[in-house]
Amino acid sequence: NWHRVTRKQWRPGFKLTNTFLPVKAAAFLTENDIEGKILNELRHGGYLGFTWQQPVFIDGRLEVMKQEFFKKYQRARQAKSPWGLIHSWRMNIALFDVQEYPNWFIAFMNSNEWRLCHLDEANAVFLREEVRPEIPELVLQDTYNEMLTTYCSMKDRNTGLTKILSNLDNSSLSFVGKFLFGADESSLPLYKMGINMQLAGESRLAESLFACGLAKANGRHADSWYQLANLAVARGKSDLAEKYLEAAILLDPHHHRALLDRDRLRLYRESSLQ
């Protein structure tokens, strides 16, 4: 299945999903009557043009955009920041998927000319300082608390990862078919926000979000285990990281990143013992 092999976080269905389309971010722009030149990604352009009712930077009509324009967009996607596009087109709004464009998110967060005004489980909206200055800048800690309140009960927050791990065994493999595309819907918003917090350097907040997502999904979300393993490695907890990687592999035996990182940890441990 293409969605599973490429580890996409959306599923085919019959309704709009904020995981793939900027439903909440577009509503933020519309409800606050924000106008200006926007930096957006290609797959968001059509939806933004329909809901926001303002001209967008790019959409799926590539025959209109022409090849040279598309090349500039592609170069910006791979760059450390989008400042080339921003300055060329004098943009004062930016809306994009944080997980798809982590370099952009970091660049905007480190800029004194832009402020983060909206952040949900998928997308961020940044405004230039002179655009609607009455709209406050988001504080990540406040956003984190709001996400936990929205998606997690106190029981979820108090569930320890050790307890979740102890409940995972080979019988969990029977659930892989149920979550065929690699993401349990109940854990996905918390997972996406955890990724956002990681990119913002808030590793402890990210760890809490991944853990709460796992508690909500009864431990059955391989990518959350994988991200917890990355955080554990960063703290020097390689033994704990290996346990988290094993949980990810148990749920998804074809999780190539978890398989590779687990083998690397084992090789490192063996070489250090010699």
# chains A, B, ... in the order shown; residues from 1 in each chain; ligands from 1
$ closest_atom_pairs --of "segment 80-121 of chain A" --to "segment 132-143 of chain A" --cutoff "12 Å" --atoms "only C-alpha atoms" --output "CSV"
residue,atom,partner,partner_atom,distance
A:Asn92,CA,A:Arg132,CA,10.5
A:Ile93,CA,A:Arg132,CA,10.6
A:Met109,CA,A:Leu138,CA,10.9
A:Asn112,CA,A:Glu137,CA,11.9
A:Glu113,CA,A:Pro133,CA,11.8
A:Trp114,CA,A:Glu137,CA,9.4
A:Arg115,CA,A:Glu137,CA,5.7
A:Leu116,CA,A:Glu137,CA,5.5
A:Cys117,CA,A:Glu137,CA,5.0
A:His118,CA,A:Leu138,CA,6.8
A:Leu119,CA,A:Thr143,CA,7.5
A:Asp120,CA,A:Thr143,CA,8.3
A:Glu121,CA,A:Thr143,CA,10.2
$ write_last_selection --atoms "all heavy atoms" --output "mmCIF file, in the first residue's frame"
data_model
loop_
_atom_site.group_PDB
_atom_site.id
_atom_site.type_symbol
_atom_site.label_atom_id
_atom_site.label_comp_id
_atom_site.auth_asym_id
_atom_site.auth_seq_id
_atom_site.Cartn_x
_atom_site.Cartn_y
_atom_site.Cartn_z
ATOM 1 N N ASN A 92 3.933 38.659 3.262
ATOM 2 C CA ASN A 92 3.817 39.019 4.674
ATOM 3 C C ASN A 92 2.984 38.013 5.485
ATOM 4 O O ASN A 92 2.664 38.245 6.642
ATOM 5 C CB ASN A 92 3.238 40.424 4.840
ATOM 6 C CG ASN A 92 1.964 40.626 4.035
ATOM 7 O OD1 ASN A 92 1.313 39.676 3.606
ATOM 8 N ND2 ASN A 92 1.610 41.886 3.824
ATOM 9 N N ILE A 93 2.621 36.888 4.844
ATOM 10 C CA ILE A 93 1.927 35.782 5.506
ATOM 11 C C ILE A 93 2.593 34.485 5.060
ATOM 12 O O ILE A 93 3.007 34.365 3.903
ATOM 13 C CB ILE A 93 0.430 35.731 5.131
ATOM 14 C CG1 ILE A 93 -0.245 37.081 5.375
ATOM 15 C CG2 ILE A 93 -0.304 34.623 5.882
ATOM 16 C CD1 ILE A 93 -1.641 37.180 4.746
ATOM 17 N N MET A 109 10.850 30.839 13.210
ATOM 18 C CA MET A 109 10.911 30.943 14.667
ATOM 19 C C MET A 109 12.108 31.788 15.117
ATOM 20 O O MET A 109 12.062 32.452 16.153
ATOM 21 C CB MET A 109 10.985 29.554 15.301
ATOM 22 C CG MET A 109 9.698 28.754 15.221
ATOM 23 S SD MET A 109 8.325 29.455 16.174
ATOM 24 C CE MET A 109 8.892 29.169 17.848
ATOM 25 N N ASN A 112 13.266 37.849 13.746
ATOM 26 C CA ASN A 112 12.697 38.944 14.537
ATOM 27 C C ASN A 112 11.602 39.701 13.793
ATOM 28 O O ASN A 112 10.906 40.535 14.373
ATOM 29 C CB ASN A 112 13.798 39.931 14.937
ATOM 30 C CG ASN A 112 14.796 39.313 15.892
ATOM 31 O OD1 ASN A 112 14.440 38.501 16.743
ATOM 32 N ND2 ASN A 112 16.068 39.687 15.752
ATOM 33 N N GLU A 113 11.447 39.403 12.503
ATOM 34 C CA GLU A 113 10.473 40.124 11.680
ATOM 35 C C GLU A 113 9.147 39.391 11.567
ATOM 36 O O GLU A 113 8.181 39.941 11.042
ATOM 37 C CB GLU A 113 11.048 40.358 10.276
ATOM 38 C CG GLU A 113 12.303 41.219 10.264
ATOM 39 C CD GLU A 113 12.848 41.415 8.867
ATOM 40 O OE1 GLU A 113 12.197 40.933 7.905
ATOM 41 O OE2 GLU A 113 13.902 42.045 8.720
ATOM 42 N N TRP A 114 9.100 38.151 12.022
ATOM 43 C CA TRP A 114 7.900 37.338 11.910
ATOM 44 C C TRP A 114 7.498 36.805 13.270
ATOM 45 O O TRP A 114 8.331 36.605 14.143
ATOM 46 C CB TRP A 114 8.136 36.160 10.956
ATOM 47 C CG TRP A 114 8.357 36.565 9.538
ATOM 48 C CD1 TRP A 114 9.505 37.078 8.997
ATOM 49 C CD2 TRP A 114 7.407 36.491 8.470
ATOM 50 N NE1 TRP A 114 9.338 37.339 7.662
ATOM 51 C CE2 TRP A 114 8.058 36.975 7.309
ATOM 52 C CE3 TRP A 114 6.088 36.058 8.377
ATOM 53 C CZ2 TRP A 114 7.416 37.035 6.071
ATOM 54 C CZ3 TRP A 114 5.446 36.109 7.145
ATOM 55 C CH2 TRP A 114 6.110 36.603 6.009
ATOM 56 N N ARG A 115 6.183 36.544 13.451
ATOM 57 C CA ARG A 115 5.704 35.959 14.695
ATOM 58 C C ARG A 115 4.759 34.792 14.393
ATOM 59 O O ARG A 115 4.010 34.823 13.398
ATOM 60 C CB ARG A 115 5.001 37.003 15.564
ATOM 61 C CG ARG A 115 3.685 37.520 15.020
ATOM 62 C CD ARG A 115 3.203 38.735 15.804
ATOM 63 N NE ARG A 115 1.815 39.100 15.506
ATOM 64 C CZ ARG A 115 1.442 39.792 14.443
ATOM 65 N NH1 ARG A 115 2.358 40.212 13.568
ATOM 66 N NH2 ARG A 115 0.164 40.077 14.243
ATOM 67 N N LEU A 116 4.797 33.795 15.230
ATOM 68 C CA LEU A 116 3.917 32.632 15.102
ATOM 69 C C LEU A 116 2.546 32.994 15.686
ATOM 70 O O LEU A 116 2.438 33.326 16.863
ATOM 71 C CB LEU A 116 4.515 31.441 15.852
ATOM 72 C CG LEU A 116 3.680 30.162 15.906
ATOM 73 C CD1 LEU A 116 3.506 29.568 14.510
ATOM 74 C CD2 LEU A 116 4.338 29.146 16.831
ATOM 75 N N CYS A 117 1.499 32.922 14.863
ATOM 76 C CA CYS A 117 0.157 33.319 15.315
ATOM 77 C C CYS A 117 -0.839 32.165 15.345
ATOM 78 O O CYS A 117 -1.895 32.284 15.961
ATOM 79 C CB CYS A 117 -0.392 34.435 14.433
ATOM 80 S SG CYS A 117 0.523 35.988 14.601
ATOM 81 N N HIS A 118 -0.519 31.076 14.676
ATOM 82 C CA HIS A 118 -1.398 29.900 14.707
ATOM 83 C C HIS A 118 -0.535 28.655 14.564
ATOM 84 O O HIS A 118 0.374 28.605 13.750
ATOM 85 C CB HIS A 118 -2.417 29.951 13.566
ATOM 86 C CG HIS A 118 -3.212 28.680 13.418
ATOM 87 N ND1 HIS A 118 -4.353 28.429 14.156
ATOM 88 C CD2 HIS A 118 -3.003 27.579 12.641
ATOM 89 C CE1 HIS A 118 -4.818 27.237 13.832
ATOM 90 N NE2 HIS A 118 -4.016 26.697 12.918
ATOM 91 N N LEU A 119 -0.850 27.657 15.374
ATOM 92 C CA LEU A 119 -0.156 26.369 15.294
ATOM 93 C C LEU A 119 -1.130 25.283 15.720
ATOM 94 O O LEU A 119 -1.647 25.303 16.837
ATOM 95 C CB LEU A 119 1.077 26.357 16.206
ATOM 96 C CG LEU A 119 1.926 25.086 16.196
ATOM 97 C CD1 LEU A 119 2.577 24.874 14.824
ATOM 98 C CD2 LEU A 119 3.002 25.142 17.272
ATOM 99 N N ASP A 120 -1.411 24.346 14.807
ATOM 100 C CA ASP A 120 -2.256 23.217 15.155
ATOM 101 C C ASP A 120 -1.455 21.936 14.996
ATOM 102 O O ASP A 120 -0.225 21.985 14.896
ATOM 103 C CB ASP A 120 -3.552 23.211 14.325
ATOM 104 C CG ASP A 120 -3.284 23.216 12.826
ATOM 105 O OD1 ASP A 120 -2.478 22.397 12.364
ATOM 106 O OD2 ASP A 120 -3.887 24.049 12.110
ATOM 107 N N GLU A 121 -2.128 20.794 14.941
ATOM 108 C CA GLU A 121 -1.394 19.531 14.881
ATOM 109 C C GLU A 121 -0.685 19.315 13.557
ATOM 110 O O GLU A 121 0.098 18.371 13.422
ATOM 111 C CB GLU A 121 -2.334 18.357 15.151
ATOM 112 C CG GLU A 121 -3.449 18.161 14.141
ATOM 113 C CD GLU A 121 -4.706 18.929 14.488
ATOM 114 O OE1 GLU A 121 -4.632 19.904 15.265
ATOM 115 O OE2 GLU A 121 -5.771 18.565 13.971
#
$ select_by_dssp --residues "segment 126-235 of chain A" --states "alpha helix (DSSP H)" --output "PDB file with N, CA and C atoms, in the first residue's frame"
ATOM      1  N   LEU A 140       4.505  28.707  22.928  1.00  0.00           N
ATOM      2  CA  LEU A 140       4.450  27.270  22.705  1.00  0.00           C
ATOM      3  C   LEU A 140       3.921  26.507  23.915  1.00  0.00           C
ATOM      4  N   GLN A 141       4.283  26.946  25.104  1.00  0.00           N
ATOM      5  CA  GLN A 141       3.819  26.268  26.309  1.00  0.00           C
ATOM      6  C   GLN A 141       2.291  26.325  26.399  1.00  0.00           C
ATOM      7  N   ASP A 142       1.705  27.471  26.057  1.00  0.00           N
ATOM      8  CA  ASP A 142       0.251  27.613  26.093  1.00  0.00           C
ATOM      9  C   ASP A 142      -0.405  26.715  25.045  1.00  0.00           C
ATOM     10  N   THR A 143       0.199  26.669  23.860  1.00  0.00           N
ATOM     11  CA  THR A 143      -0.336  25.824  22.792  1.00  0.00           C
ATOM     12  C   THR A 143      -0.298  24.363  23.197  1.00  0.00           C
ATOM     13  N   TYR A 144       0.796  23.976  23.807  1.00  0.00           N
ATOM     14  CA  TYR A 144       0.965  22.595  24.296  1.00  0.00           C
ATOM     15  C   TYR A 144      -0.116  22.249  25.317  1.00  0.00           C
ATOM     16  N   ASN A 145      -0.356  23.116  26.267  1.00  0.00           N
ATOM     17  CA  ASN A 145      -1.375  22.856  27.286  1.00  0.00           C
ATOM     18  C   ASN A 145      -2.767  22.750  26.667  1.00  0.00           C
ATOM     19  N   GLU A 146      -3.032  23.600  25.674  1.00  0.00           N
ATOM     20  CA  GLU A 146      -4.327  23.564  25.009  1.00  0.00           C
ATOM     21  C   GLU A 146      -4.525  22.253  24.260  1.00  0.00           C
ATOM     22  N   MET A 147      -3.467  21.778  23.598  1.00  0.00           N
ATOM     23  CA  MET A 147      -3.557  20.514  22.879  1.00  0.00           C
ATOM     24  C   MET A 147      -3.825  19.361  23.833  1.00  0.00           C
ATOM     25  N   LEU A 148      -3.144  19.352  24.959  1.00  0.00           N
ATOM     26  CA  LEU A 148      -3.351  18.284  25.926  1.00  0.00           C
ATOM     27  C   LEU A 148      -4.784  18.296  26.448  1.00  0.00           C
ATOM     28  N   THR A 149      -5.294  19.487  26.734  1.00  0.00           N
ATOM     29  CA  THR A 149      -6.671  19.602  27.233  1.00  0.00           C
ATOM     30  C   THR A 149      -7.669  19.112  26.197  1.00  0.00           C
ATOM     31  N   THR A 150      -7.398  19.421  24.920  1.00  0.00           N
ATOM     32  CA  THR A 150      -8.325  19.053  23.848  1.00  0.00           C
ATOM     33  C   THR A 150      -8.323  17.559  23.570  1.00  0.00           C
ATOM     34  N   TYR A 151      -7.129  16.961  23.564  1.00  0.00           N
ATOM     35  CA  TYR A 151      -7.019  15.592  23.063  1.00  0.00           C
ATOM     36  C   TYR A 151      -6.769  14.533  24.138  1.00  0.00           C
ATOM     37  N   MET A 154      -6.984  13.258  31.861  1.00  0.00           N
ATOM     38  CA  MET A 154      -5.976  13.163  32.917  1.00  0.00           C
ATOM     39  C   MET A 154      -5.457  11.740  33.034  1.00  0.00           C
ATOM     40  N   LYS A 155      -6.324  10.757  32.778  1.00  0.00           N
ATOM     41  CA  LYS A 155      -5.886   9.359  32.824  1.00  0.00           C
ATOM     42  C   LYS A 155      -4.796   9.107  31.783  1.00  0.00           C
ATOM     43  N   ASP A 156      -4.990   9.659  30.569  1.00  0.00           N
ATOM     44  CA  ASP A 156      -3.967   9.514  29.528  1.00  0.00           C
ATOM     45  C   ASP A 156      -2.643  10.122  29.975  1.00  0.00           C
ATOM     46  N   ARG A 157      -2.703  11.292  30.594  1.00  0.00           N
ATOM     47  CA  ARG A 157      -1.475  12.003  30.966  1.00  0.00           C
ATOM     48  C   ARG A 157      -0.721  11.280  32.078  1.00  0.00           C
ATOM     49  N   ASN A 158      -1.454  10.565  32.911  1.00  0.00           N
ATOM     50  CA  ASN A 158      -0.811   9.892  34.038  1.00  0.00           C
ATOM     51  C   ASN A 158      -0.349   8.469  33.714  1.00  0.00           C
ATOM     52  N   LEU A 161       4.905   5.302  30.362  1.00  0.00           N
ATOM     53  CA  LEU A 161       5.353   4.569  29.193  1.00  0.00           C
ATOM     54  C   LEU A 161       5.735   3.139  29.541  1.00  0.00           C
ATOM     55  N   THR A 162       6.265   2.922  30.735  1.00  0.00           N
ATOM     56  CA  THR A 162       6.638   1.565  31.147  1.00  0.00           C
ATOM     57  C   THR A 162       5.415   0.659  31.169  1.00  0.00           C
ATOM     58  N   LYS A 163       4.291   1.183  31.676  1.00  0.00           N
ATOM     59  CA  LYS A 163       3.058   0.410  31.717  1.00  0.00           C
ATOM     60  C   LYS A 163       2.565   0.098  30.310  1.00  0.00           C
ATOM     61  N   ILE A 164       2.660   1.087  29.422  1.00  0.00           N
ATOM     62  CA  ILE A 164       2.229   0.864  28.038  1.00  0.00           C
ATOM     63  C   ILE A 164       3.104  -0.203  27.389  1.00  0.00           C
ATOM     64  N   LEU A 165       4.414  -0.106  27.607  1.00  0.00           N
ATOM     65  CA  LEU A 165       5.342  -1.075  27.034  1.00  0.00           C
ATOM     66  C   LEU A 165       5.042  -2.487  27.522  1.00  0.00           C
ATOM     67  N   SER A 166       4.714  -2.610  28.797  1.00  0.00           N
ATOM     68  CA  SER A 166       4.476  -3.931  29.372  1.00  0.00           C
ATOM     69  C   SER A 166       3.231  -4.591  28.780  1.00  0.00           C
ATOM     70  N   LEU A 188      -2.869  10.815  16.353  1.00  0.00           N
ATOM     71  CA  LEU A 188      -2.233  11.610  15.304  1.00  0.00           C
ATOM     72  C   LEU A 188      -2.088  13.098  15.634  1.00  0.00           C
ATOM     73  N   PRO A 189      -3.121  13.779  16.159  1.00  0.00           N
ATOM     74  CA  PRO A 189      -2.928  15.203  16.485  1.00  0.00           C
ATOM     75  C   PRO A 189      -1.804  15.437  17.488  1.00  0.00           C
ATOM     76  N   LEU A 190      -1.719  14.580  18.503  1.00  0.00           N
ATOM     77  CA  LEU A 190      -0.662  14.723  19.505  1.00  0.00           C
ATOM     78  C   LEU A 190       0.702  14.405  18.904  1.00  0.00           C
ATOM     79  N   TYR A 191       0.742  13.442  18.008  1.00  0.00           N
ATOM     80  CA  TYR A 191       1.999  13.107  17.332  1.00  0.00           C
ATOM     81  C   TYR A 191       2.493  14.294  16.514  1.00  0.00           C
ATOM     82  N   LYS A 192       1.600  14.898  15.742  1.00  0.00           N
ATOM     83  CA  LYS A 192       1.996  16.029  14.911  1.00  0.00           C
ATOM     84  C   LYS A 192       2.474  17.205  15.759  1.00  0.00           C
ATOM     85  N   MET A 193       1.765  17.476  16.863  1.00  0.00           N
ATOM     86  CA  MET A 193       2.193  18.556  17.731  1.00  0.00           C
ATOM     87  C   MET A 193       3.528  18.225  18.389  1.00  0.00           C
ATOM     88  N   GLY A 194       3.741  16.955  18.714  1.00  0.00           N
ATOM     89  CA  GLY A 194       5.033  16.540  19.263  1.00  0.00           C
ATOM     90  C   GLY A 194       6.174  16.828  18.294  1.00  0.00           C
ATOM     91  N   ILE A 195       5.940  16.570  17.006  1.00  0.00           N
ATOM     92  CA  ILE A 195       6.938  16.878  15.980  1.00  0.00           C
ATOM     93  C   ILE A 195       7.211  18.375  15.949  1.00  0.00           C
ATOM     94  N   ASN A 196       6.145  19.169  16.007  1.00  0.00           N
ATOM     95  CA  ASN A 196       6.306  20.628  16.005  1.00  0.00           C
ATOM     96  C   ASN A 196       7.162  21.091  17.177  1.00  0.00           C
ATOM     97  N   MET A 197       6.903  20.522  18.368  1.00  0.00           N
ATOM     98  CA  MET A 197       7.657  20.909  19.557  1.00  0.00           C
ATOM     99  C   MET A 197       9.124  20.495  19.443  1.00  0.00           C
ATOM    100  N   GLN A 198       9.365  19.333  18.844  1.00  0.00           N
ATOM    101  CA  GLN A 198      10.747  18.906  18.609  1.00  0.00           C
ATOM    102  C   GLN A 198      11.485  19.930  17.753  1.00  0.00           C
ATOM    103  N   LEU A 199      10.854  20.363  16.684  1.00  0.00           N
ATOM    104  CA  LEU A 199      11.475  21.328  15.779  1.00  0.00           C
ATOM    105  C   LEU A 199      11.735  22.655  16.471  1.00  0.00           C
ATOM    106  N   SER A 203      12.061  19.675  23.635  1.00  0.00           N
ATOM    107  CA  SER A 203      12.108  18.215  23.638  1.00  0.00           C
ATOM    108  C   SER A 203      11.272  17.598  24.749  1.00  0.00           C
ATOM    109  N   ARG A 204      11.241  18.226  25.929  1.00  0.00           N
ATOM    110  CA  ARG A 204      10.456  17.678  27.034  1.00  0.00           C
ATOM    111  C   ARG A 204       8.958  17.753  26.733  1.00  0.00           C
ATOM    112  N   LEU A 205       8.524  18.852  26.132  1.00  0.00           N
ATOM    113  CA  LEU A 205       7.124  18.970  25.743  1.00  0.00           C
ATOM    114  C   LEU A 205       6.787  17.943  24.665  1.00  0.00           C
ATOM    115  N   ALA A 206       7.702  17.766  23.728  1.00  0.00           N
ATOM    116  CA  ALA A 206       7.491  16.782  22.665  1.00  0.00           C
ATOM    117  C   ALA A 206       7.341  15.386  23.256  1.00  0.00           C
ATOM    118  N   GLU A 207       8.196  15.057  24.209  1.00  0.00           N
ATOM    119  CA  GLU A 207       8.145  13.733  24.831  1.00  0.00           C
ATOM    120  C   GLU A 207       6.790  13.508  25.511  1.00  0.00           C
ATOM    121  N   SER A 208       6.286  14.522  26.202  1.00  0.00           N
ATOM    122  CA  SER A 208       4.990  14.407  26.871  1.00  0.00           C
ATOM    123  C   SER A 208       3.863  14.193  25.860  1.00  0.00           C
ATOM    124  N   LEU A 209       3.920  14.899  24.739  1.00  0.00           N
ATOM    125  CA  LEU A 209       2.881  14.761  23.722  1.00  0.00           C
ATOM    126  C   LEU A 209       2.899  13.372  23.089  1.00  0.00           C
ATOM    127  N   PHE A 210       4.083  12.859  22.780  1.00  0.00           N
ATOM    128  CA  PHE A 210       4.170  11.511  22.222  1.00  0.00           C
ATOM    129  C   PHE A 210       3.642  10.479  23.216  1.00  0.00           C
ATOM    130  N   ALA A 211       4.005  10.648  24.480  1.00  0.00           N
ATOM    131  CA  ALA A 211       3.571   9.712  25.511  1.00  0.00           C
ATOM    132  C   ALA A 211       2.056   9.736  25.685  1.00  0.00           C
ATOM    133  N   CYS A 212       1.476  10.934  25.691  1.00  0.00           N
ATOM    134  CA  CYS A 212       0.022  11.046  25.829  1.00  0.00           C
ATOM    135  C   CYS A 212      -0.687  10.445  24.621  1.00  0.00           C
ATOM    136  N   GLY A 213      -0.118  10.661  23.437  1.00  0.00           N
ATOM    137  CA  GLY A 213      -0.703  10.063  22.238  1.00  0.00           C
ATOM    138  C   GLY A 213      -0.691   8.546  22.301  1.00  0.00           C
ATOM    139  N   LEU A 214       0.403   7.996  22.813  1.00  0.00           N
ATOM    140  CA  LEU A 214       0.496   6.543  22.950  1.00  0.00           C
ATOM    141  C   LEU A 214      -0.500   6.014  23.978  1.00  0.00           C
ATOM    142  N   ALA A 215      -0.657   6.752  25.074  1.00  0.00           N
ATOM    143  CA  ALA A 215      -1.629   6.334  26.083  1.00  0.00           C
ATOM    144  C   ALA A 215      -3.029   6.315  25.488  1.00  0.00           C
ATOM    145  N   LYS A 216      -3.339   7.315  24.671  1.00  0.00           N
ATOM    146  CA  LYS A 216      -4.666   7.404  24.068  1.00  0.00           C
ATOM    147  C   LYS A 216      -4.888   6.280  23.062  1.00  0.00           C
ATOM    148  N   ALA A 222       3.395   3.281  15.916  1.00  0.00           N
ATOM    149  CA  ALA A 222       4.817   2.999  15.753  1.00  0.00           C
ATOM    150  C   ALA A 222       5.664   4.253  15.663  1.00  0.00           C
ATOM    151  N   ASP A 223       5.194   5.263  14.940  1.00  0.00           N
ATOM    152  CA  ASP A 223       6.006   6.465  14.746  1.00  0.00           C
ATOM    153  C   ASP A 223       6.227   7.235  16.050  1.00  0.00           C
ATOM    154  N   SER A 224       5.261   7.174  16.970  1.00  0.00           N
ATOM    155  CA  SER A 224       5.460   7.836  18.268  1.00  0.00           C
ATOM    156  C   SER A 224       6.570   7.150  19.057  1.00  0.00           C
ATOM    157  N   TRP A 225       6.593   5.820  19.017  1.00  0.00           N
ATOM    158  CA  TRP A 225       7.689   5.093  19.681  1.00  0.00           C
ATOM    159  C   TRP A 225       9.029   5.464  19.057  1.00  0.00           C
ATOM    160  N   TYR A 226       9.034   5.596  17.739  1.00  0.00           N
ATOM    161  CA  TYR A 226      10.283   5.940  17.055  1.00  0.00           C
ATOM    162  C   TYR A 226      10.783   7.320  17.475  1.00  0.00           C
ATOM    163  N   GLN A 227       9.886   8.288  17.560  1.00  0.00           N
ATOM    164  CA  GLN A 227      10.293   9.637  17.962  1.00  0.00           C
ATOM    165  C   GLN A 227      10.749   9.671  19.421  1.00  0.00           C
ATOM    166  N   LEU A 228      10.102   8.899  20.285  1.00  0.00           N
ATOM    167  CA  LEU A 228      10.551   8.803  21.682  1.00  0.00           C
ATOM    168  C   LEU A 228      11.950   8.221  21.755  1.00  0.00           C
ATOM    169  N   ALA A 229      12.235   7.270  20.872  1.00  0.00           N
ATOM    170  CA  ALA A 229      13.587   6.696  20.827  1.00  0.00           C
ATOM    171  C   ALA A 229      14.620   7.759  20.454  1.00  0.00           C
ATOM    172  N   ASN A 230      14.288   8.610  19.490  1.00  0.00           N
ATOM    173  CA  ASN A 230      15.201   9.694  19.106  1.00  0.00           C
ATOM    174  C   ASN A 230      15.475  10.630  20.286  1.00  0.00           C
ATOM    175  N   LEU A 231      14.428  10.957  21.036  1.00  0.00           N
ATOM    176  CA  LEU A 231      14.589  11.838  22.193  1.00  0.00           C
ATOM    177  C   LEU A 231      15.424  11.161  23.274  1.00  0.00           C
ATOM    178  N   ALA A 232      15.229   9.849  23.450  1.00  0.00           N
ATOM    179  CA  ALA A 232      16.007   9.122  24.459  1.00  0.00           C
ATOM    180  C   ALA A 232      17.487   9.087  24.081  1.00  0.00           C
ATOM    181  N   VAL A 233      17.784   8.908  22.813  1.00  0.00           N
ATOM    182  CA  VAL A 233      19.179   8.920  22.353  1.00  0.00           C
ATOM    183  C   VAL A 233      19.803  10.284  22.622  1.00  0.00           C
ATOM    184  N   ALA A 234      19.058  11.343  22.360  1.00  0.00           N
ATOM    185  CA  ALA A 234      19.569  12.704  22.590  1.00  0.00           C
ATOM    186  C   ALA A 234      19.899  12.936  24.062  1.00  0.00           C
TER     187      ALA A 234
END
$ atom_distance --atom1 "atom CA of Asn123 of chain A" --atom2 "atom CA of Asp97 of chain A"
4.3 Å
$ select_by_dssp --residues "segment 5-211 of chain A" --states "strand (DSSP E or B)" --output "short mmCIF file (atom, residue, chain, number, x, y, z; two decimals) with N, CA, C and O atoms, in the first residue's frame"
data_model
loop_
_atom_site.label_atom_id
_atom_site.label_comp_id
_atom_site.auth_asym_id
_atom_site.auth_seq_id
_atom_site.Cartn_x
_atom_site.Cartn_y
_atom_site.Cartn_z
N ILE A 38 0.71 35.72 0.48
CA ILE A 38 0.96 34.54 1.30
C ILE A 38 1.99 33.61 0.66
O ILE A 38 2.03 33.46 -0.56
N LEU A 39 2.82 33.02 1.50
CA LEU A 39 3.68 31.91 1.11
C LEU A 39 2.95 30.63 1.53
O LEU A 39 2.68 30.43 2.71
N ILE A 93 2.62 36.89 4.84
CA ILE A 93 1.93 35.78 5.51
C ILE A 93 2.59 34.48 5.06
O ILE A 93 3.01 34.37 3.90
N ALA A 94 2.70 33.53 5.96
CA ALA A 94 3.24 32.22 5.60
C ALA A 94 2.39 31.14 6.27
O ALA A 94 2.09 31.23 7.46
N LEU A 95 1.99 30.15 5.48
CA LEU A 95 1.20 29.02 6.00
C LEU A 95 1.77 27.75 5.39
O LEU A 95 1.85 27.63 4.16
N PHE A 96 2.16 26.81 6.22
CA PHE A 96 2.74 25.56 5.70
C PHE A 96 2.69 24.46 6.74
O PHE A 96 2.49 24.71 7.94
N ASP A 97 2.86 23.23 6.27
CA ASP A 97 2.89 22.05 7.13
C ASP A 97 4.26 21.98 7.80
O ASP A 97 5.29 21.91 7.13
N TRP A 114 9.10 38.15 12.02
CA TRP A 114 7.90 37.34 11.91
C TRP A 114 7.50 36.81 13.27
O TRP A 114 8.33 36.60 14.14
N ARG A 115 6.18 36.54 13.45
CA ARG A 115 5.70 35.96 14.70
C ARG A 115 4.76 34.79 14.39
O ARG A 115 4.01 34.82 13.40
N LEU A 116 4.80 33.80 15.23
CA LEU A 116 3.92 32.63 15.10
C LEU A 116 2.55 32.99 15.69
O LEU A 116 2.44 33.33 16.86
N CYS A 117 1.50 32.92 14.86
CA CYS A 117 0.16 33.32 15.31
C CYS A 117 -0.84 32.16 15.34
O CYS A 117 -1.90 32.28 15.96
N HIS A 118 -0.52 31.08 14.68
CA HIS A 118 -1.40 29.90 14.71
C HIS A 118 -0.54 28.66 14.56
O HIS A 118 0.37 28.60 13.75
N LEU A 119 -0.85 27.66 15.37
CA LEU A 119 -0.16 26.37 15.29
C LEU A 119 -1.13 25.28 15.72
O LEU A 119 -1.65 25.30 16.84
N ASN A 123 -0.28 22.41 10.82
CA ASN A 123 0.19 23.60 10.11
C ASN A 123 0.47 24.79 11.02
O ASN A 123 -0.09 24.90 12.11
N ALA A 124 1.35 25.66 10.53
CA ALA A 124 1.68 26.90 11.24
C ALA A 124 1.34 28.09 10.35
O ALA A 124 1.41 28.01 9.12
N VAL A 125 0.96 29.19 10.99
CA VAL A 125 0.76 30.46 10.29
C VAL A 125 1.65 31.50 10.96
O VAL A 125 1.56 31.73 12.17
N PHE A 126 2.51 32.13 10.17
CA PHE A 126 3.37 33.21 10.63
C PHE A 126 2.94 34.50 9.95
O PHE A 126 2.59 34.50 8.76
N LEU A 127 2.97 35.60 10.69
CA LEU A 127 2.66 36.92 10.15
C LEU A 127 3.85 37.85 10.36
O LEU A 127 4.53 37.76 11.38
N ARG A 128 4.07 38.74 9.40
CA ARG A 128 5.08 39.78 9.61
C ARG A 128 4.63 40.69 10.75
O ARG A 128 3.44 40.81 11.03
#
$ atom_distance --atom1 "atom CA of Thr19 of chain A" --atom2 "atom CA of Asn167 of chain A"
28.6 Å
$ closest_residue --among "A:Gln67, A:Thr17, A:Trp104, A:Arg264" --to "Ala79 of chain A" --atoms "only C-alpha atoms"
A:Trp104
$ atom_distance --atom1 "atom CA of Pro82 of chain A" --atom2 "atom CA of Glu41 of chain A"
11.3 Å
$ residues_around --residues "Ala107 of chain A" --least-positions-apart "3" --cutoff "9 Å" --atoms "only C-alpha atoms" --output "mmCIF file with C-alpha atoms, in the first residue's frame"
data_model
loop_
_atom_site.group_PDB
_atom_site.id
_atom_site.type_symbol
_atom_site.label_atom_id
_atom_site.label_comp_id
_atom_site.auth_asym_id
_atom_site.auth_seq_id
_atom_site.Cartn_x
_atom_site.Cartn_y
_atom_site.Cartn_z
ATOM 1 C CA LYS A 80 17.290 26.132 4.848
ATOM 2 C CA SER A 81 14.873 29.059 4.656
ATOM 3 C CA PRO A 82 12.316 30.547 2.244
ATOM 4 C CA TRP A 83 13.754 34.072 2.437
ATOM 5 C CA PRO A 102 10.926 21.821 9.236
ATOM 6 C CA ASN A 103 13.648 24.151 7.921
ATOM 7 C CA TRP A 104 11.073 26.849 7.210
ATOM 8 C CA ASN A 110 14.391 32.497 14.683
ATOM 9 C CA SER A 111 13.333 35.630 12.785
#
